[in-house]
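Worksheet: the structure to be examined is printed underneath.
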Amino acid sequence: MSSALEHLKMMMEKLGIEPKRSLGQNFLISDHVIDKIVKAANDLQAETLYEIGPGLGALTRHLRETHKNYHLIELDKKFAEFWRSEGLSVFEGDALQMDWSELPRSGKTVLVSNLPYQISSSLVIEKSVEKNPLDAMILMFQKEVAQRIRAVPNTENYGMLSIVAQLTWQIEMLLEASGRDFQPPPNVASRVLIFRRREQVLVEDPAKFLKFAKACFIHRRKLLAGNLEEGSNIKRAQVEQALSEMKLKPTARAQELSLKQFVDLFKKLGY
Ligand code: SAM
């Protein structure tokens with residue numbers, strides 16, 4: 001197979017396109033990065049595979065070889081038409097707006113994407129609070145977003161995105177990529193994370209947990225009890241009582257609590 005860069009040049013010429021910045025079209029050209037993502041995806045042995053944004057096929061041309069039930073979601077009409085003409089299953093539209101229940105799904109289902117950065121945080125939140133989450137995801141992020149997703153308590157990056165993502169997934173880093181690994185090169189570093197769905201469900205209604213998590217972190221520097229009173233109409237005294245039962249100070253701030261403590265508090269408050 002041709003190298004990723006040769007393939008990209010050939011495809012750009014064939015389709016006569018210029019990358020669209022508005023759609024986050026930074027195409028992967030590093031064979032090393034592509035090989036690692038493709039290998040990780042193959043190792044997951046998905047029965048159904050989704051990819052958001054196949055673009056010019058850096059991942060698609062490899063993954064189509066190993067996955068029969070492979071469905072692409074692409075907003076750019078030209079790319080959608082191209083992959084359809086190649087005989088692949090394409091859902092044309094915005095990955096954040098579409099109804100994912102319309103996608104064919106059977107057995108172990110995995111999502112792979114070199115995500116357009118504009119949609120990455122919202123996409124992770126959406127996929128983390130679904131009633132019937134995917135089995136795994138391999139996603140490329142801007143480094144700072146990846147850091148927020150995997151952050152631990154008492155660090156600057158720890159916040160709503162961290163606890164909502166970690167509620168549903170065990171998350172590990174697969175690789176780091178630099179601007180040089182893309183064409184055109186973005187001026188930020190990137191990371192690829194692997195998300196594996198937790199075996200144990202931590203809360204029955206993750207969408208409610210999302211509302212709770214948003215309220216907890218509504219003001220980063222203020223007290224958790226005050227934030228919850230403001231963001232969710234639960235009386236401050238009730239939150240303080242729950243915190244004391246959990247052996248936490250009434251003056252605790254959200255950044256100090258572990259995921260387990262958030263889950264306990266969520267349940268205690270009967271959210
Ligand atoms: N997979 C290719 C690669 O790695 O070279 C392209 C990745 S590029 C970073 C992002 C891709 O997502 C582009 O193909 C772009 O058209 C598509 N895209 C952008 N916004 C989208 C959205 N909201 N929903 C679905 N696809 C989107």
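To be explicit about the labels: the chains of the structure tokens are called A, B, and onward in the order shown, and within each one the residues are counted from 1, while ligands get numbers from 1 in the order they are shown.
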
Quiz item: Which residues come within 10 Å of region 232-243 of chain A, counting only C-alpha atoms, excluding same-chain residues fewer than 4 positions away, as a PyMOL selection string?
Solution: chain A and resi 211-212+214-216+224-228+247-252+261+264-269+271

Quiz item: If you count only C-alpha atoms, which residues fall within 7 Å of Leu96 (chain A), apart from same-chain ones fewer than 2 positions away, as an MDAnalysis selection string?
Solution: chainID A and resid 94 98 123

Exercise. Dump the neighbourhood of ligand 1 as an MDAnalysis selection string: all residues within 6 Å, distances computed on only C-alpha atoms and all ligand atoms.
Key: chainID A and resid 23:28 52:59 73:76 93:96 114:116

Practice problem: Check the smallest atom-to-atom distance from each of A:Thr155, A:Gln255, A:Thr48, A:Gln170 to Glu199 (chain A) using only C-alpha atoms, then report the winner. | Solution: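 For Glu199 (chain A), the nearest of the given residues is A:Gln170.
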
Exercise. Could you tell me, as a list in words, which residues of region 92-180 of chain A DSSP assigns to strand (DSSP E) when given the backbone?
Key: Glu92, Thr109, Val110, Leu111, Val112, Ser113, Asn114, Ala136, Met137, Ile138, Leu139, Met140, Phe141, Gln142, Trp169, Gln170, Ile171, Glu172, Met173, Leu174, Leu175, Glu176 and Ala177 of chain A

Exercise. Find the distance between CA of Leu44 (chain A) and CA of Met137 (chain A) and write it in Å to one decimal.
Key: 9.5 Å

Quiz item: Distance CA of Leu8 (chain A)-CA of Phe82 (chain A), one decimal place?
Solution: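 Computing the Euclidean distance for CA of Leu8 (chain A) and CA of Phe82 (chain A) yields 14.0 Å.
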
Exercise. Could you check which of A:Met140, A:Leu63, A:Tyr158, A:Gly107 is closest to Leu175 (chain A), using only C-alpha atoms?
Key: A:Met140

Exercise. Please identify all polymer residues within 10 Å of Ser120 (chain A), counting only C-alpha atoms, omitting same-chain residues fewer than 6 positions from it, and present them as a ChimeraX atom specification.
Key: /A:96,113-114,126,139-142,145-146

Once you have the residues from the selection above, write them out as a JSON list (two decimals), in the first residue's frame, restricted to N, CA, C and O atoms.
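Writing done, so here's selection27.json:
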```
[["chain", "number", "residue", "atom", "x", "y", "z"],
["A", 96, "LEU", "N", -22.92, 15.05, 15.73],
["A", 96, "LEU", "CA", -23.54, 15.51, 16.98],
["A", 96, "LEU", "C", -25.06, 15.64, 16.85],
["A", 96, "LEU", "O", -25.77, 15.68, 17.85],
["A", 113, "SER", "N", -12.14, 7.42, 15.59],
["A", 113, "SER", "CA", -12.14, 8.68, 14.85],
["A", 113, "SER", "C", -10.92, 9.54, 15.15],
["A", 113, "SER", "O", -10.49, 9.65, 16.29],
["A", 114, "ASN", "N", -10.39, 10.13, 14.09],
["A", 114, "ASN", "CA", -9.52, 11.28, 14.22],
["A", 114, "ASN", "C", -10.49, 12.45, 14.21],
["A", 114, "ASN", "O", -10.85, 12.97, 13.17],
["A", 126, "GLU", "N", -21.62, 13.21, 25.04],
["A", 126, "GLU", "CA", -22.81, 12.53, 24.50],
["A", 126, "GLU", "C", -22.65, 11.00, 24.57],
["A", 126, "GLU", "O", -23.55, 10.29, 24.99],
["A", 139, "LEU", "N", -10.19, 7.51, 20.06],
["A", 139, "LEU", "CA", -10.45, 8.87, 19.56],
["A", 139, "LEU", "C", -9.22, 9.76, 19.69],
["A", 139, "LEU", "O", -8.51, 9.71, 20.70],
["A", 140, "MET", "N", -9.02, 10.57, 18.66],
["A", 140, "MET", "CA", -7.93, 11.56, 18.65],
["A", 140, "MET", "C", -8.46, 12.90, 19.16],
["A", 140, "MET", "O", -9.51, 13.36, 18.71],
["A", 141, "PHE", "N", -7.71, 13.50, 20.09],
["A", 141, "PHE", "CA", -8.10, 14.80, 20.65],
["A", 141, "PHE", "C", -6.93, 15.77, 20.60],
["A", 141, "PHE", "O", -5.77, 15.36, 20.60],
["A", 142, "GLN", "N", -7.27, 17.03, 20.72],
["A", 142, "GLN", "CA", -6.27, 18.02, 21.07],
["A", 142, "GLN", "C", -5.74, 17.64, 22.46],
["A", 142, "GLN", "O", -6.52, 17.23, 23.33],
["A", 145, "VAL", "N", -7.56, 18.65, 25.69],
["A", 145, "VAL", "CA", -8.85, 17.99, 25.94],
["A", 145, "VAL", "C", -8.61, 16.58, 26.48],
["A", 145, "VAL", "O", -9.25, 16.14, 27.44],
["A", 146, "ALA", "N", -7.62, 15.89, 25.90],
["A", 146, "ALA", "CA", -7.28, 14.54, 26.39],
["A", 146, "ALA", "C", -6.84, 14.61, 27.86],
["A", 146, "ALA", "O", -7.19, 13.74, 28.66]]
```

Quiz item: Between CA of Ala207 (chain A) and CA of Val129 (chain A), what is the distance, to one decimal in Å?
Solution: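 Distance reported for this atom pair: 5.1 Å.
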
Self-check item: Distance query Ala177 (chain A) at most 7 Å, only C-alpha atoms, self and fewer than 6 positions along chain excluded, as a ChimeraX atom specification
Solution: /A:189-191

Selected residues written out with N, CA, C and O atoms, as a PDB file, in the first residue's frame:
```pdb
ATOM      1  N   ALA A 189      -0.710  20.074  19.831  1.00  0.00           N
ATOM      2  CA  ALA A 189      -0.360  18.652  19.921  1.00  0.00           C
ATOM      3  C   ALA A 189      -1.643  17.841  20.110  1.00  0.00           C
ATOM      4  O   ALA A 189      -2.677  18.376  20.511  1.00  0.00           O
ATOM      5  N   SER A 190      -1.558  16.554  19.796  1.00  0.00           N
ATOM      6  CA  SER A 190      -2.749  15.706  19.885  1.00  0.00           C
ATOM      7  C   SER A 190      -2.453  14.433  20.674  1.00  0.00           C
ATOM      8  O   SER A 190      -1.287  14.046  20.827  1.00  0.00           O
ATOM      9  N   ARG A 191      -3.510  13.810  21.138  1.00  0.00           N
ATOM     10  CA  ARG A 191      -3.376  12.508  21.808  1.00  0.00           C
ATOM     11  C   ARG A 191      -4.509  11.600  21.375  1.00  0.00           C
ATOM     12  O   ARG A 191      -5.637  12.070  21.186  1.00  0.00           O
TER      13      ARG A 191
END
```

Quiz item: Between A:Ile163, A:Val201, A:Val112, A:Leu257, which has the minimum distance to Val38 (chain A) (counting only C-alpha atoms)?
Solution: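 Of A:Ile163, A:Val201, A:Val112, A:Leu257, the one nearest Val38 (chain A) is A:Val112, counting only C-alpha atoms.
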
Neighbour list for Met1 (chain A) as an mmCIF file with C-alpha atoms, in the first residue's frame, cut-off 10 Å, only C-alpha atoms, skip fewer than 3 positions in-chain:
```cif
data_model
loop_
_atom_site.group_PDB
_atom_site.id
_atom_site.type_symbol
_atom_site.label_atom_id
_atom_site.label_comp_id
_atom_site.auth_asym_id
_atom_site.auth_seq_id
_atom_site.Cartn_x
_atom_site.Cartn_y
_atom_site.Cartn_z
ATOM 1 C CA ALA A 4 -0.160 7.873 3.924
ATOM 2 C CA GLU A 6 1.317 9.639 -1.133
ATOM 3 C CA HIS A 7 -2.226 8.420 -0.651
ATOM 4 C CA ARG A 61 -8.614 2.382 3.670
ATOM 5 C CA HIS A 62 -7.066 0.043 6.263
#
```

Quiz prompt | Spatial neighbours of Ser89 (chain A), max dist 10 Å, only C-alpha atoms, sep filter under 3 positions, as an NGL selection string | solution = :A and (50 or 69-73 or 80 or 83-86 or 92 or 103-104)

Exercise. Rank A:Ala41, A:Leu5, A:Ile218, A:Leu88 by their smallest atom-to-atom distance to Thr109 (chain A), using only C-alpha atoms, and report the top residue only.
Key: A:Ala41

Exercise. For each of A:Ser2, A:His32, A:His219, A:Glu65, take the minimum atom-to-atom distance to Phe182 (chain A), counting only C-alpha atoms, then give the residue where this is smallest.
Key: A:His32

Quiz item: Please, which residues of region 108-196 of chain A, numbered as in this document, come out alpha helix (DSSP H) from DSSP, as a ChimeraX atom specification?
Solution: /A:120-128,143-150,160-168
